[in-house]
Structures are given as structure tokens and as C-alpha cells.
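Data block for structure-v5.cif (mmCIF, N, CA, C and O atoms):
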```
data_work
loop_
_atom_site.label_atom_id
_atom_site.label_comp_id
_atom_site.auth_asym_id
_atom_site.auth_seq_id
_atom_site.Cartn_x
_atom_site.Cartn_y
_atom_site.Cartn_z
N MET E 884 161.82 128.92 291.62
CA MET E 884 161.52 130.03 290.74
C MET E 884 161.76 131.31 291.53
O MET E 884 161.23 131.52 292.59
N SER E 885 162.60 132.18 291.00
CA SER E 885 162.90 133.42 291.70
C SER E 885 161.95 134.52 291.26
O SER E 885 161.53 134.58 290.11
N ALA E 886 161.63 135.39 292.19
CA ALA E 886 160.73 136.50 291.89
C ALA E 886 161.50 137.58 291.14
O ALA E 886 162.65 137.87 291.45
N MET E 887 160.85 138.13 290.13
CA MET E 887 161.46 139.21 289.37
C MET E 887 160.85 140.52 289.85
O MET E 887 159.65 140.57 290.14
N PRO E 888 161.65 141.58 289.95
CA PRO E 888 161.09 142.85 290.41
C PRO E 888 160.02 143.36 289.44
O PRO E 888 160.14 143.21 288.23
N MET E 889 158.98 143.93 290.00
CA MET E 889 157.90 144.48 289.19
C MET E 889 158.23 145.92 288.83
O MET E 889 158.71 146.67 289.66
N GLU E 890 158.01 146.26 287.59
CA GLU E 890 158.24 147.62 287.14
C GLU E 890 156.89 148.29 286.90
O GLU E 890 155.92 147.63 286.55
N ARG E 891 156.83 149.58 287.07
CA ARG E 891 155.61 150.34 286.82
C ARG E 891 155.47 150.57 285.34
O ARG E 891 156.43 150.92 284.66
N HIS E 892 154.28 150.37 284.84
CA HIS E 892 153.99 150.60 283.43
C HIS E 892 152.56 151.08 283.35
O HIS E 892 151.65 150.43 283.87
N GLU E 893 152.36 152.21 282.73
CA GLU E 893 151.00 152.74 282.58
C GLU E 893 150.28 151.93 281.50
O GLU E 893 150.81 151.70 280.42
N LEU E 894 149.06 151.52 281.81
CA LEU E 894 148.27 150.74 280.88
C LEU E 894 147.19 151.62 280.27
O LEU E 894 146.55 152.40 280.98
N ASP E 895 146.97 151.44 278.98
CA ASP E 895 145.81 152.12 278.40
C ASP E 895 144.59 151.24 278.65
O ASP E 895 144.70 150.13 279.17
N ASP E 896 143.42 151.74 278.33
CA ASP E 896 142.18 151.01 278.61
C ASP E 896 142.14 149.65 277.94
O ASP E 896 141.67 148.67 278.52
N GLU E 897 142.63 149.57 276.71
CA GLU E 897 142.62 148.30 275.97
C GLU E 897 143.53 147.27 276.64
O GLU E 897 143.16 146.11 276.80
N GLU E 898 144.73 147.71 277.04
CA GLU E 898 145.66 146.80 277.73
C GLU E 898 145.07 146.34 279.06
O GLU E 898 145.15 145.15 279.40
N ALA E 899 144.49 147.26 279.81
CA ALA E 899 143.90 146.91 281.10
C ALA E 899 142.78 145.90 280.93
O ALA E 899 142.70 144.92 281.69
N ALA E 900 141.93 146.09 279.95
CA ALA E 900 140.83 145.16 279.70
C ALA E 900 141.37 143.78 279.30
O ALA E 900 140.87 142.75 279.77
N ALA E 901 142.38 143.76 278.46
CA ALA E 901 142.97 142.49 278.04
C ALA E 901 143.60 141.75 279.22
O ALA E 901 143.47 140.52 279.33
N LEU E 902 144.26 142.50 280.11
CA LEU E 902 144.87 141.87 281.28
C LEU E 902 143.82 141.36 282.26
O LEU E 902 144.02 140.34 282.92
N GLU E 903 142.68 142.04 282.35
CA GLU E 903 141.59 141.55 283.19
C GLU E 903 141.09 140.21 282.68
O GLU E 903 140.84 139.29 283.46
N VAL E 904 140.94 140.09 281.37
CA VAL E 904 140.50 138.82 280.77
C VAL E 904 141.55 137.74 281.01
O VAL E 904 141.21 136.61 281.39
N LEU E 905 142.82 138.08 280.80
CA LEU E 905 143.90 137.11 281.03
C LEU E 905 143.89 136.63 282.48
O LEU E 905 143.98 135.42 282.74
N ALA E 906 143.76 137.55 283.41
CA ALA E 906 143.74 137.18 284.84
C ALA E 906 142.56 136.26 285.14
O ALA E 906 142.70 135.29 285.90
N ALA E 907 141.41 136.54 284.56
CA ALA E 907 140.23 135.70 284.77
C ALA E 907 140.47 134.29 284.24
O ALA E 907 140.11 133.29 284.89
N ARG E 908 141.08 134.17 283.08
CA ARG E 908 141.36 132.85 282.50
C ARG E 908 142.38 132.09 283.35
O ARG E 908 142.28 130.87 283.51
N ILE E 909 143.36 132.81 283.90
CA ILE E 909 144.35 132.17 284.76
C ILE E 909 143.69 131.65 286.03
O ILE E 909 143.98 130.53 286.49
N ARG E 910 142.77 132.43 286.61
CA ARG E 910 142.03 131.96 287.79
C ARG E 910 141.23 130.71 287.45
O ARG E 910 141.18 129.75 288.24
N GLU E 911 140.58 130.70 286.27
CA GLU E 911 139.82 129.52 285.85
C GLU E 911 140.74 128.30 285.70
O GLU E 911 140.36 127.19 286.07
N LEU E 912 141.93 128.52 285.16
CA LEU E 912 142.90 127.44 285.02
C LEU E 912 143.30 126.88 286.38
O LEU E 912 143.34 125.66 286.57
N CYS E 913 143.56 127.77 287.33
CA CYS E 913 143.93 127.33 288.68
C CYS E 913 142.81 126.51 289.31
O CYS E 913 143.06 125.45 289.90
N GLU E 914 141.58 126.98 289.17
CA GLU E 914 140.44 126.26 289.72
C GLU E 914 140.30 124.89 289.06
O GLU E 914 140.11 123.88 289.73
N ALA E 915 140.42 124.86 287.74
CA ALA E 915 140.29 123.59 287.02
C ALA E 915 141.38 122.62 287.44
O ALA E 915 141.13 121.41 287.56
N ALA E 916 142.58 123.12 287.68
CA ALA E 916 143.68 122.25 288.09
C ALA E 916 143.41 121.60 289.44
O ALA E 916 143.77 120.44 289.67
N VAL E 917 142.71 122.33 290.32
CA VAL E 917 142.43 121.81 291.65
C VAL E 917 141.27 120.82 291.65
O VAL E 917 141.32 119.81 292.34
N VAL E 918 140.25 121.09 290.86
CA VAL E 918 139.03 120.28 290.94
C VAL E 918 138.92 119.19 289.87
O VAL E 918 137.96 118.44 289.88
N THR E 919 139.88 119.12 288.97
CA THR E 919 139.81 118.15 287.89
C THR E 919 140.68 116.94 288.22
O THR E 919 141.80 117.09 288.68
N GLY E 920 140.15 115.78 287.96
CA GLY E 920 140.89 114.56 288.22
C GLY E 920 141.68 114.11 286.99
O GLY E 920 141.35 113.10 286.39
N THR E 921 142.68 114.89 286.62
CA THR E 921 143.49 114.50 285.47
C THR E 921 144.62 113.59 285.93
O THR E 921 145.01 113.60 287.08
N GLY E 922 145.13 112.84 285.01
CA GLY E 922 146.26 111.99 285.30
C GLY E 922 147.55 112.77 285.22
O GLY E 922 147.58 113.94 284.81
N ALA E 923 148.62 112.12 285.59
CA ALA E 923 149.93 112.77 285.59
C ALA E 923 150.33 113.22 284.19
O ALA E 923 150.91 114.30 284.02
N GLY E 924 150.01 112.42 283.19
CA GLY E 924 150.38 112.76 281.82
C GLY E 924 149.68 114.03 281.34
O GLY E 924 150.31 114.90 280.73
N GLU E 925 148.39 114.13 281.63
CA GLU E 925 147.64 115.32 281.22
C GLU E 925 148.13 116.55 281.99
O GLU E 925 148.28 117.63 281.42
N ALA E 926 148.39 116.40 283.28
CA ALA E 926 148.91 117.51 284.07
C ALA E 926 150.26 117.98 283.53
O ALA E 926 150.51 119.18 283.42
N ALA E 927 151.11 117.05 283.14
CA ALA E 927 152.41 117.40 282.58
C ALA E 927 152.26 118.11 281.23
O ALA E 927 152.98 119.07 280.94
N ALA E 928 151.31 117.67 280.42
CA ALA E 928 151.08 118.30 279.11
C ALA E 928 150.58 119.73 279.28
O ALA E 928 151.04 120.65 278.59
N VAL E 929 149.66 119.93 280.21
CA VAL E 929 149.15 121.28 280.47
C VAL E 929 150.26 122.15 281.03
O VAL E 929 150.41 123.31 280.64
N ALA E 930 151.07 121.61 281.94
CA ALA E 930 152.18 122.36 282.51
C ALA E 930 153.15 122.81 281.42
O ALA E 930 153.66 123.94 281.46
N ALA E 931 153.40 121.97 280.43
CA ALA E 931 154.29 122.34 279.33
C ALA E 931 153.69 123.49 278.51
O ALA E 931 154.41 124.41 278.10
N GLU E 932 152.37 123.46 278.30
CA GLU E 932 151.72 124.55 277.57
C GLU E 932 151.79 125.85 278.37
O GLU E 932 152.04 126.92 277.81
N VAL E 933 151.57 125.76 279.68
CA VAL E 933 151.64 126.95 280.53
C VAL E 933 153.06 127.52 280.51
O VAL E 933 153.26 128.73 280.44
N GLU E 934 154.05 126.64 280.55
CA GLU E 934 155.45 127.09 280.49
C GLU E 934 155.72 127.85 279.19
O GLU E 934 156.36 128.90 279.20
N ALA E 935 155.21 127.34 278.08
CA ALA E 935 155.41 128.01 276.79
C ALA E 935 154.72 129.37 276.77
O ALA E 935 155.27 130.35 276.26
N LEU E 936 153.52 129.45 277.32
CA LEU E 936 152.80 130.72 277.36
C LEU E 936 153.51 131.73 278.27
O LEU E 936 153.58 132.92 277.95
N THR E 937 154.04 131.24 279.38
CA THR E 937 154.80 132.11 280.29
C THR E 937 156.03 132.66 279.59
O THR E 937 156.33 133.86 279.69
N ALA E 938 156.73 131.82 278.85
CA ALA E 938 157.91 132.26 278.11
C ALA E 938 157.52 133.30 277.05
O ALA E 938 158.23 134.28 276.83
N ARG E 939 156.38 133.09 276.43
CA ARG E 939 155.89 134.03 275.41
C ARG E 939 155.66 135.41 276.01
O ARG E 939 156.06 136.43 275.44
N LEU E 940 155.02 135.44 277.17
CA LEU E 940 154.77 136.74 277.82
C LEU E 940 156.07 137.33 278.39
O LEU E 940 156.29 138.54 278.28
N ALA E 941 156.92 136.51 278.97
CA ALA E 941 158.16 137.00 279.54
C ALA E 941 159.06 137.63 278.49
O ALA E 941 159.80 138.58 278.77
N GLY E 942 158.97 137.14 277.26
CA GLY E 942 159.77 137.70 276.17
C GLY E 942 159.35 139.10 275.79
O GLY E 942 160.06 139.80 275.07
N ARG E 943 158.20 139.53 276.28
CA ARG E 943 157.69 140.87 275.97
C ARG E 943 157.78 141.80 277.18
O ARG E 943 157.14 142.83 277.23
N ARG E 944 158.61 141.41 278.17
CA ARG E 944 158.76 142.19 279.39
C ARG E 944 159.20 143.60 279.09
O ARG E 944 160.03 143.83 278.20
N HIS E 945 158.66 144.56 279.82
CA HIS E 945 159.03 145.95 279.64
C HIS E 945 160.48 146.15 280.10
O HIS E 945 160.92 145.53 281.07
N PRO E 946 161.24 147.02 279.42
CA PRO E 946 162.63 147.25 279.83
C PRO E 946 162.70 147.91 281.20
O PRO E 946 161.80 148.63 281.61
N ALA E 947 163.77 147.61 281.90
CA ALA E 947 163.97 148.17 283.25
C ALA E 947 164.32 149.64 283.19
O ALA E 947 164.77 150.17 282.25
#
```

Show this structure as C-alpha cells.
Amino acid sequence: MSAMPMERHELDDEEAAALEVLAARIRELCEAAVVTGTGAGEAAAVAAEVEALTARLAGRRHPA
């Protein structure tokens, strides 16, 4: 996975609050992935959902 350059974008209070919640949920997901004894099938299913969510957000990337 290649890193994409970060662009500066001013956030309003609502956007900042929403991103704080999103970041918290992502941290919870990371923790759950480490401490949960899921099987390979469940891990693959969750990975597919994460991939779809990533694509959803990437499609809304700010223009360069």
C-alpha cells in the first residue's frame, strides 16, 4: 500500500467532531482485532468491510 500525500483542509467544528468519533471507532477496531480470537473467515469478512469503508472515504478525497 503506497502512502498518499496529505493535503491541508480546514475543518469546521462539526467535521472535526465527526473525525474525532471516527478515529475513536478505528482505535476500538484495532484493539478488538488484536484481542479477539476470531477465525480466519471472520477476519477476512471484517477486512472486506474495512476495505469497502476505506474506498467510500477515499472517493470523497479533497482535490489536490

If I take CA of Leu905 (chain E) and CA of Ala926 (chain E), how far is one from the other in Å, to one decimal?
20.5 Å

Run DSSP on the backbone and give me the residues of chain E it puts in alpha helix (DSSP H), as an MDAnalysis selection string.
chainID E and resid 896:918 923:941

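One finds CA of Ala916 (chain E) at 10.2 Å from CA of Ala930 (chain E).
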
Please write out, as AutoDock Vina command-line options, where the centre of an axis-aligned box around all listed atoms of region 892-910 of chain E lies and how long its edges are, in Å to one decimal, after adding 5 Å on each side.
```
--center_x 147.2 --center_y 141.2 --center_z 282.1 --size_x 24.2 --size_y 33.0 --size_z 22.3
```

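Here atom O of Glu893 (chain E) is placed at a distance of 26.0 Å from atom C of Glu911 (chain E).
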
Place all heavy atoms on region 918-929 of chain E and deliver the coordinates as a PDB file, in the frame of the given file.
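Saved as part-v1.pdb:
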```pdb
ATOM      1  N   VAL E 918     140.250 121.090 290.860  1.00  0.00           N
ATOM      2  CA  VAL E 918     139.030 120.280 290.940  1.00  0.00           C
ATOM      3  C   VAL E 918     138.920 119.190 289.870  1.00  0.00           C
ATOM      4  O   VAL E 918     137.960 118.440 289.880  1.00  0.00           O
ATOM      5  CB  VAL E 918     137.759 121.174 290.890  1.00  0.00           C
ATOM      6  CG1 VAL E 918     137.745 122.166 292.033  1.00  0.00           C
ATOM      7  CG2 VAL E 918     137.626 121.890 289.557  1.00  0.00           C
ATOM      8  N   THR E 919     139.880 119.120 288.970  1.00  0.00           N
ATOM      9  CA  THR E 919     139.810 118.150 287.890  1.00  0.00           C
ATOM     10  C   THR E 919     140.680 116.940 288.220  1.00  0.00           C
ATOM     11  O   THR E 919     141.800 117.090 288.680  1.00  0.00           O
ATOM     12  CB  THR E 919     140.307 118.787 286.566  1.00  0.00           C
ATOM     13  OG1 THR E 919     139.521 119.937 286.316  1.00  0.00           O
ATOM     14  CG2 THR E 919     140.188 117.838 285.414  1.00  0.00           C
ATOM     15  N   GLY E 920     140.150 115.780 287.960  1.00  0.00           N
ATOM     16  CA  GLY E 920     140.890 114.560 288.220  1.00  0.00           C
ATOM     17  C   GLY E 920     141.680 114.110 286.990  1.00  0.00           C
ATOM     18  O   GLY E 920     141.350 113.100 286.390  1.00  0.00           O
ATOM     19  N   THR E 921     142.680 114.890 286.620  1.00  0.00           N
ATOM     20  CA  THR E 921     143.490 114.500 285.470  1.00  0.00           C
ATOM     21  C   THR E 921     144.620 113.590 285.930  1.00  0.00           C
ATOM     22  O   THR E 921     145.010 113.600 287.080  1.00  0.00           O
ATOM     23  CB  THR E 921     144.127 115.735 284.791  1.00  0.00           C
ATOM     24  OG1 THR E 921     145.006 116.369 285.715  1.00  0.00           O
ATOM     25  CG2 THR E 921     143.085 116.711 284.336  1.00  0.00           C
ATOM     26  N   GLY E 922     145.130 112.840 285.010  1.00  0.00           N
ATOM     27  CA  GLY E 922     146.260 111.990 285.300  1.00  0.00           C
ATOM     28  C   GLY E 922     147.550 112.770 285.220  1.00  0.00           C
ATOM     29  O   GLY E 922     147.580 113.940 284.810  1.00  0.00           O
ATOM     30  N   ALA E 923     148.620 112.120 285.590  1.00  0.00           N
ATOM     31  CA  ALA E 923     149.930 112.770 285.590  1.00  0.00           C
ATOM     32  C   ALA E 923     150.330 113.220 284.190  1.00  0.00           C
ATOM     33  O   ALA E 923     150.910 114.300 284.020  1.00  0.00           O
ATOM     34  CB  ALA E 923     150.982 111.820 286.162  1.00  0.00           C
ATOM     35  N   GLY E 924     150.010 112.420 283.190  1.00  0.00           N
ATOM     36  CA  GLY E 924     150.380 112.760 281.820  1.00  0.00           C
ATOM     37  C   GLY E 924     149.680 114.030 281.340  1.00  0.00           C
ATOM     38  O   GLY E 924     150.310 114.900 280.730  1.00  0.00           O
ATOM     39  N   GLU E 925     148.390 114.130 281.630  1.00  0.00           N
ATOM     40  CA  GLU E 925     147.640 115.320 281.220  1.00  0.00           C
ATOM     41  C   GLU E 925     148.130 116.550 281.990  1.00  0.00           C
ATOM     42  O   GLU E 925     148.280 117.630 281.420  1.00  0.00           O
ATOM     43  CB  GLU E 925     146.146 115.113 281.450  1.00  0.00           C
ATOM     44  CG  GLU E 925     145.286 116.301 281.057  1.00  0.00           C
ATOM     45  CD  GLU E 925     145.263 116.600 279.560  1.00  0.00           C
ATOM     46  OE1 GLU E 925     145.853 115.846 278.757  1.00  0.00           O
ATOM     47  OE2 GLU E 925     144.651 117.602 279.186  1.00  0.00           O
ATOM     48  N   ALA E 926     148.390 116.400 283.280  1.00  0.00           N
ATOM     49  CA  ALA E 926     148.910 117.510 284.070  1.00  0.00           C
ATOM     50  C   ALA E 926     150.260 117.980 283.530  1.00  0.00           C
ATOM     51  O   ALA E 926     150.510 119.180 283.420  1.00  0.00           O
ATOM     52  CB  ALA E 926     149.037 117.103 285.543  1.00  0.00           C
ATOM     53  N   ALA E 927     151.110 117.050 283.140  1.00  0.00           N
ATOM     54  CA  ALA E 927     152.410 117.400 282.580  1.00  0.00           C
ATOM     55  C   ALA E 927     152.260 118.110 281.230  1.00  0.00           C
ATOM     56  O   ALA E 927     152.980 119.070 280.940  1.00  0.00           O
ATOM     57  CB  ALA E 927     153.288 116.161 282.422  1.00  0.00           C
ATOM     58  N   ALA E 928     151.310 117.670 280.420  1.00  0.00           N
ATOM     59  CA  ALA E 928     151.080 118.300 279.110  1.00  0.00           C
ATOM     60  C   ALA E 928     150.580 119.730 279.280  1.00  0.00           C
ATOM     61  O   ALA E 928     151.040 120.650 278.590  1.00  0.00           O
ATOM     62  CB  ALA E 928     150.082 117.477 278.298  1.00  0.00           C
ATOM     63  N   VAL E 929     149.660 119.930 280.210  1.00  0.00           N
ATOM     64  CA  VAL E 929     149.150 121.280 280.470  1.00  0.00           C
ATOM     65  C   VAL E 929     150.260 122.150 281.030  1.00  0.00           C
ATOM     66  O   VAL E 929     150.410 123.310 280.640  1.00  0.00           O
ATOM     67  CB  VAL E 929     147.920 121.225 281.405  1.00  0.00           C
ATOM     68  CG1 VAL E 929     147.524 122.621 281.866  1.00  0.00           C
ATOM     69  CG2 VAL E 929     146.758 120.546 280.699  1.00  0.00           C
TER      70      VAL E 929
END
```
